[in-house]
Amino acid sequence: MAKPDESKPDYSLSRVVCRNRKAKHEYELSQSLECGIMLHGSEVKSVRNNKISIEEAYVRVQGHEVWLVGCDIAEYPQATYLNHDPKRQRKLLLHRREIRKFAEVATQKGLSIVPLEVHLVRGNVKVTIAIGKGLKRHDKRDKLKEHDADREIRQAMRRQPD
């Protein structure tokens with residue numbers, strides 16, 4: 001029986017490359033959606049090496065297209081003169097009905113579309129985006145107080161003898 005070639009990467013599994021951890025704290029998230037992203041070859045190589053940041057990125061709807069703005073994908077050192085611009089806008093791949101649905105919601109006051117995570121699925125780069133409403137400072141404090149109270153209740157339940 002032949003051994004599988006170990007030098008080839010395993011694309012059968014999916015893995016998270018980058019997460020926007022601030023998004024869950026800064027926004028009240030409602031709907032989420034996974035979409036593809038148009039990248040150059042050197043960008044895909046950088047994403048596979050975890051050289052991507054979506055902390056300050058956001059999604060903009062322009063006409064019938066959806067764009068990821070502010071995403072930073074580092075240059076791939078081996079690409080030489082064929083390298084990409086690290087801060088360029090990248091087109092997100094969605095069906096027309098999904099674009100319409102997200103565009104309607106994004107035009108409402110106080111709502112925005114934020115990227116949550118970038119992950120690889122069978123060698124393809126995917127982005128999870130969500131519709132979020134920006135939280136005020138007092139909303140964030142209330143949320144933290146609720147989390148602390150829940151944690152204290154769980155700890156008290158564990159400490160109780162049966």
# chains A, B, ... in the order shown; residues from 1 in each chain; ligands from 1
$ residues_around --residues "stretch 74-86 of chain A" --least-positions-apart "5" --cutoff "12 Å" --atoms "only C-alpha atoms" --output "MDAnalysis selection string"
chainID A and resid 39:54 69
$ write_last_selection --atoms "N, CA and C atoms" --output "compact mmCIF listing (two decimals), in the first residue's frame"
# COMPACT_ATOMS: atom_id res chain seq x y z
N LEU A 39 -8.93 37.00 -4.88
CA LEU A 39 -7.55 37.28 -4.49
C LEU A 39 -6.59 36.97 -5.62
N HIS A 40 -5.42 37.63 -5.61
CA HIS A 40 -4.33 37.28 -6.51
C HIS A 40 -3.59 36.08 -5.92
N GLY A 41 -2.74 35.46 -6.71
CA GLY A 41 -2.01 34.28 -6.26
C GLY A 41 -1.12 34.54 -5.06
N SER A 42 -0.41 35.69 -5.07
CA SER A 42 0.47 35.99 -3.94
C SER A 42 -0.32 36.26 -2.67
N GLU A 43 -1.56 36.76 -2.81
CA GLU A 43 -2.40 37.00 -1.64
C GLU A 43 -2.83 35.68 -1.01
N VAL A 44 -3.16 34.70 -1.83
CA VAL A 44 -3.56 33.40 -1.31
C VAL A 44 -2.41 32.77 -0.53
N LYS A 45 -1.19 32.88 -1.06
CA LYS A 45 -0.02 32.34 -0.37
C LYS A 45 0.17 33.03 0.99
N SER A 46 -0.01 34.35 1.05
CA SER A 46 0.13 35.06 2.31
C SER A 46 -0.95 34.66 3.30
N VAL A 47 -2.18 34.47 2.81
CA VAL A 47 -3.28 34.04 3.70
C VAL A 47 -2.98 32.67 4.28
N ARG A 48 -2.47 31.76 3.46
CA ARG A 48 -2.12 30.43 3.96
C ARG A 48 -1.03 30.48 5.02
N ASN A 49 -0.18 31.53 4.97
CA ASN A 49 0.87 31.72 5.97
C ASN A 49 0.40 32.57 7.15
N ASN A 50 -0.91 32.81 7.26
CA ASN A 50 -1.52 33.59 8.35
C ASN A 50 -1.03 35.04 8.39
N LYS A 51 -0.73 35.63 7.27
CA LYS A 51 -0.25 37.01 7.19
C LYS A 51 -1.39 37.94 6.77
N ILE A 52 -2.49 37.90 7.51
CA ILE A 52 -3.67 38.69 7.19
C ILE A 52 -4.24 39.29 8.47
N SER A 53 -4.81 40.48 8.35
CA SER A 53 -5.44 41.15 9.49
C SER A 53 -6.75 41.78 9.02
N ILE A 54 -7.82 41.50 9.75
CA ILE A 54 -9.12 42.11 9.43
C ILE A 54 -9.65 42.93 10.60
N VAL A 69 -12.96 46.32 2.53
CA VAL A 69 -12.09 47.49 2.57
C VAL A 69 -11.30 47.47 3.88
$ closest_atom_pairs --of "stretch 120-150 of chain A" --to "stretch 98-103 of chain A" --cutoff "12 Å" --atoms "only C-alpha atoms" --output "Markdown table"
| residue | atom | partner | partner_atom | distance |
| --- | --- | --- | --- | --- |
| A:Ile129 | CA | A:Phe102 | CA | 10.1 |
| A:Ala130 | CA | A:Phe102 | CA | 9.1 |
| A:Ile131 | CA | A:Phe102 | CA | 7.7 |
| A:Gly132 | CA | A:Phe102 | CA | 11.1 |
$ select_by_dssp --residues "chain A" --states "strand (DSSP E or B)" --output "MDAnalysis selection string"
chainID A and resid 14:19 27:37 52:53 58:62 65:69 72:73 90:93 111:121 124:134
$ write_last_selection --atoms "C-alpha atoms" --output "PDB file, in the first residue's frame"
ATOM      1  CA  SER A  14     -11.017  23.806   6.969  1.00  0.00           C
ATOM      2  CA  ARG A  15      -9.132  26.061   9.333  1.00  0.00           C
ATOM      3  CA  VAL A  16      -9.592  29.574  10.643  1.00  0.00           C
ATOM      4  CA  VAL A  17      -6.806  31.882   9.511  1.00  0.00           C
ATOM      5  CA  CYS A  18      -7.858  35.176  11.108  1.00  0.00           C
ATOM      6  CA  ARG A  19     -10.616  36.328  13.489  1.00  0.00           C
ATOM      7  CA  TYR A  27     -21.250  45.289  17.566  1.00  0.00           C
ATOM      8  CA  GLU A  28     -24.481  43.490  18.290  1.00  0.00           C
ATOM      9  CA  LEU A  29     -24.344  40.894  15.511  1.00  0.00           C
ATOM     10  CA  SER A  30     -27.486  39.492  13.916  1.00  0.00           C
ATOM     11  CA  GLN A  31     -27.146  37.719  10.540  1.00  0.00           C
ATOM     12  CA  SER A  32     -23.967  36.127   9.277  1.00  0.00           C
ATOM     13  CA  LEU A  33     -23.001  34.801   5.875  1.00  0.00           C
ATOM     14  CA  GLU A  34     -20.021  32.999   4.374  1.00  0.00           C
ATOM     15  CA  CYS A  35     -18.748  34.309   1.054  1.00  0.00           C
ATOM     16  CA  GLY A  36     -15.793  33.923  -1.257  1.00  0.00           C
ATOM     17  CA  ILE A  37     -13.192  36.579  -1.942  1.00  0.00           C
ATOM     18  CA  ILE A  52      -3.670  38.693   7.191  1.00  0.00           C
ATOM     19  CA  SER A  53      -5.438  41.146   9.487  1.00  0.00           C
ATOM     20  CA  TYR A  58     -15.279  46.688   6.957  1.00  0.00           C
ATOM     21  CA  VAL A  59     -17.595  45.778   4.086  1.00  0.00           C
ATOM     22  CA  ARG A  60     -18.975  48.316   1.621  1.00  0.00           C
ATOM     23  CA  VAL A  61     -21.821  47.765  -0.857  1.00  0.00           C
ATOM     24  CA  GLN A  62     -21.317  49.693  -4.104  1.00  0.00           C
ATOM     25  CA  GLU A  65     -20.984  44.574  -5.766  1.00  0.00           C
ATOM     26  CA  VAL A  66     -19.692  44.002  -2.252  1.00  0.00           C
ATOM     27  CA  TRP A  67     -16.136  45.040  -1.338  1.00  0.00           C
ATOM     28  CA  LEU A  68     -13.892  44.264   1.619  1.00  0.00           C
ATOM     29  CA  VAL A  69     -12.088  47.492   2.574  1.00  0.00           C
ATOM     30  CA  ASP A  72      -4.341  43.988   5.283  1.00  0.00           C
ATOM     31  CA  ILE A  73      -2.713  41.033   3.530  1.00  0.00           C
ATOM     32  CA  ARG A  90     -11.081  43.067  -2.513  1.00  0.00           C
ATOM     33  CA  LYS A  91     -14.338  41.972  -4.090  1.00  0.00           C
ATOM     34  CA  LEU A  92     -16.523  39.556  -2.125  1.00  0.00           C
ATOM     35  CA  LEU A  93     -18.359  36.868  -4.063  1.00  0.00           C
ATOM     36  CA  LEU A 111     -26.222  49.059  10.865  1.00  0.00           C
ATOM     37  CA  SER A 112     -23.014  47.997   9.183  1.00  0.00           C
ATOM     38  CA  ILE A 113     -21.480  44.882   7.679  1.00  0.00           C
ATOM     39  CA  VAL A 114     -18.339  43.632   9.420  1.00  0.00           C
ATOM     40  CA  PRO A 115     -16.017  40.721   8.611  1.00  0.00           C
ATOM     41  CA  LEU A 116     -15.839  38.174  11.432  1.00  0.00           C
ATOM     42  CA  GLU A 117     -13.267  35.662  10.254  1.00  0.00           C
ATOM     43  CA  VAL A 118     -11.221  34.457   7.306  1.00  0.00           C
ATOM     44  CA  HIS A 119     -10.853  30.720   6.852  1.00  0.00           C
ATOM     45  CA  LEU A 120      -9.663  28.155   4.340  1.00  0.00           C
ATOM     46  CA  VAL A 121     -12.097  25.540   3.034  1.00  0.00           C
ATOM     47  CA  ASN A 124     -10.371  28.236  -1.023  1.00  0.00           C
ATOM     48  CA  VAL A 125     -10.308  31.420   1.047  1.00  0.00           C
ATOM     49  CA  LYS A 126     -13.695  32.294   2.560  1.00  0.00           C
ATOM     50  CA  VAL A 127     -14.805  35.290   4.621  1.00  0.00           C
ATOM     51  CA  THR A 128     -17.623  35.245   7.167  1.00  0.00           C
ATOM     52  CA  ILE A 129     -19.430  38.585   7.305  1.00  0.00           C
ATOM     53  CA  ALA A 130     -22.215  39.699   9.627  1.00  0.00           C
ATOM     54  CA  ILE A 131     -24.657  42.548  10.007  1.00  0.00           C
ATOM     55  CA  GLY A 132     -24.019  44.439  13.198  1.00  0.00           C
ATOM     56  CA  LYS A 133     -25.358  47.395  15.105  1.00  0.00           C
ATOM     57  CA  GLY A 134     -22.728  49.474  16.850  1.00  0.00           C
TER      58      GLY A 134
END
$ select_by_dssp --residues "stretch 5-157 of chain A" --states "helix (DSSP H, G or I)" --output "ChimeraX atom specification"
/A:21-26,41-48,77-82,96-106,137-157
$ decode --residues "stretch 23-101 of chain A" --atoms "C-alpha atoms" --output "mmCIF file, in the first residue's frame"
data_model
loop_
_atom_site.group_PDB
_atom_site.id
_atom_site.type_symbol
_atom_site.label_atom_id
_atom_site.label_comp_id
_atom_site.auth_asym_id
_atom_site.auth_seq_id
_atom_site.Cartn_x
_atom_site.Cartn_y
_atom_site.Cartn_z
ATOM 1 C CA ALA A 23 -16.363 42.690 16.348
ATOM 2 C CA LYS A 24 -18.304 40.738 18.983
ATOM 3 C CA HIS A 25 -17.468 43.405 21.556
ATOM 4 C CA GLU A 26 -18.067 46.452 19.349
ATOM 5 C CA TYR A 27 -21.250 45.289 17.566
ATOM 6 C CA GLU A 28 -24.481 43.490 18.290
ATOM 7 C CA LEU A 29 -24.344 40.894 15.511
ATOM 8 C CA SER A 30 -27.486 39.492 13.916
ATOM 9 C CA GLN A 31 -27.146 37.719 10.540
ATOM 10 C CA SER A 32 -23.967 36.127 9.277
ATOM 11 C CA LEU A 33 -23.001 34.801 5.875
ATOM 12 C CA GLU A 34 -20.021 32.999 4.374
ATOM 13 C CA CYS A 35 -18.748 34.309 1.054
ATOM 14 C CA GLY A 36 -15.793 33.923 -1.257
ATOM 15 C CA ILE A 37 -13.192 36.579 -1.942
ATOM 16 C CA MET A 38 -11.297 37.452 -5.133
ATOM 17 C CA LEU A 39 -7.553 37.282 -4.492
ATOM 18 C CA HIS A 40 -4.332 37.278 -6.511
ATOM 19 C CA GLY A 41 -2.008 34.281 -6.260
ATOM 20 C CA SER A 42 0.474 35.992 -3.943
ATOM 21 C CA GLU A 43 -2.404 37.001 -1.639
ATOM 22 C CA VAL A 44 -3.560 33.403 -1.307
ATOM 23 C CA LYS A 45 -0.017 32.343 -0.367
ATOM 24 C CA SER A 46 0.128 35.060 2.312
ATOM 25 C CA VAL A 47 -3.275 34.044 3.701
ATOM 26 C CA ARG A 48 -2.117 30.429 3.958
ATOM 27 C CA ASN A 49 0.871 31.716 5.970
ATOM 28 C CA ASN A 50 -1.521 33.595 8.350
ATOM 29 C CA LYS A 51 -0.252 37.011 7.189
ATOM 30 C CA ILE A 52 -3.670 38.693 7.191
ATOM 31 C CA SER A 53 -5.438 41.146 9.487
ATOM 32 C CA ILE A 54 -9.123 42.107 9.429
ATOM 33 C CA GLU A 55 -9.183 44.053 12.708
ATOM 34 C CA GLU A 56 -9.891 47.389 11.011
ATOM 35 C CA ALA A 57 -11.687 46.039 7.945
ATOM 36 C CA TYR A 58 -15.279 46.688 6.957
ATOM 37 C CA VAL A 59 -17.595 45.778 4.086
ATOM 38 C CA ARG A 60 -18.975 48.316 1.621
ATOM 39 C CA VAL A 61 -21.821 47.765 -0.857
ATOM 40 C CA GLN A 62 -21.317 49.693 -4.104
ATOM 41 C CA GLY A 63 -24.038 49.177 -6.674
ATOM 42 C CA HIS A 64 -24.377 45.450 -7.246
ATOM 43 C CA GLU A 65 -20.984 44.574 -5.766
ATOM 44 C CA VAL A 66 -19.692 44.002 -2.252
ATOM 45 C CA TRP A 67 -16.136 45.040 -1.338
ATOM 46 C CA LEU A 68 -13.892 44.264 1.619
ATOM 47 C CA VAL A 69 -12.088 47.492 2.574
ATOM 48 C CA GLY A 70 -9.203 47.909 5.000
ATOM 49 C CA CYS A 71 -8.117 44.272 5.053
ATOM 50 C CA ASP A 72 -4.341 43.988 5.283
ATOM 51 C CA ILE A 73 -2.713 41.033 3.530
ATOM 52 C CA ALA A 74 1.072 41.180 3.822
ATOM 53 C CA GLU A 75 3.204 40.926 0.710
ATOM 54 C CA TYR A 76 4.489 37.457 -0.143
ATOM 55 C CA PRO A 77 8.308 37.670 -0.142
ATOM 56 C CA GLN A 78 8.862 35.092 -2.913
ATOM 57 C CA ALA A 79 6.498 36.836 -5.358
ATOM 58 C CA THR A 80 9.116 39.471 -6.335
ATOM 59 C CA TYR A 81 7.701 41.983 -8.841
ATOM 60 C CA LEU A 82 4.384 40.080 -9.132
ATOM 61 C CA ASN A 83 3.393 41.081 -5.602
ATOM 62 C CA HIS A 84 0.073 42.698 -4.651
ATOM 63 C CA ASP A 85 -0.903 45.932 -2.896
ATOM 64 C CA PRO A 86 -1.426 44.999 0.801
ATOM 65 C CA LYS A 87 -4.287 47.457 1.457
ATOM 66 C CA ARG A 88 -6.274 47.202 -1.797
ATOM 67 C CA GLN A 89 -10.042 46.657 -1.854
ATOM 68 C CA ARG A 90 -11.081 43.067 -2.513
ATOM 69 C CA LYS A 91 -14.338 41.972 -4.090
ATOM 70 C CA LEU A 92 -16.523 39.556 -2.125
ATOM 71 C CA LEU A 93 -18.359 36.868 -4.063
ATOM 72 C CA LEU A 94 -22.063 36.662 -3.225
ATOM 73 C CA HIS A 95 -25.224 35.718 -5.072
ATOM 74 C CA ARG A 96 -27.324 38.612 -6.332
ATOM 75 C CA ARG A 97 -30.176 37.919 -3.880
ATOM 76 C CA GLU A 98 -27.715 37.867 -0.949
ATOM 77 C CA ILE A 99 -26.258 41.197 -2.077
ATOM 78 C CA ARG A 100 -29.734 42.723 -2.270
ATOM 79 C CA LYS A 101 -30.650 41.441 1.189
#
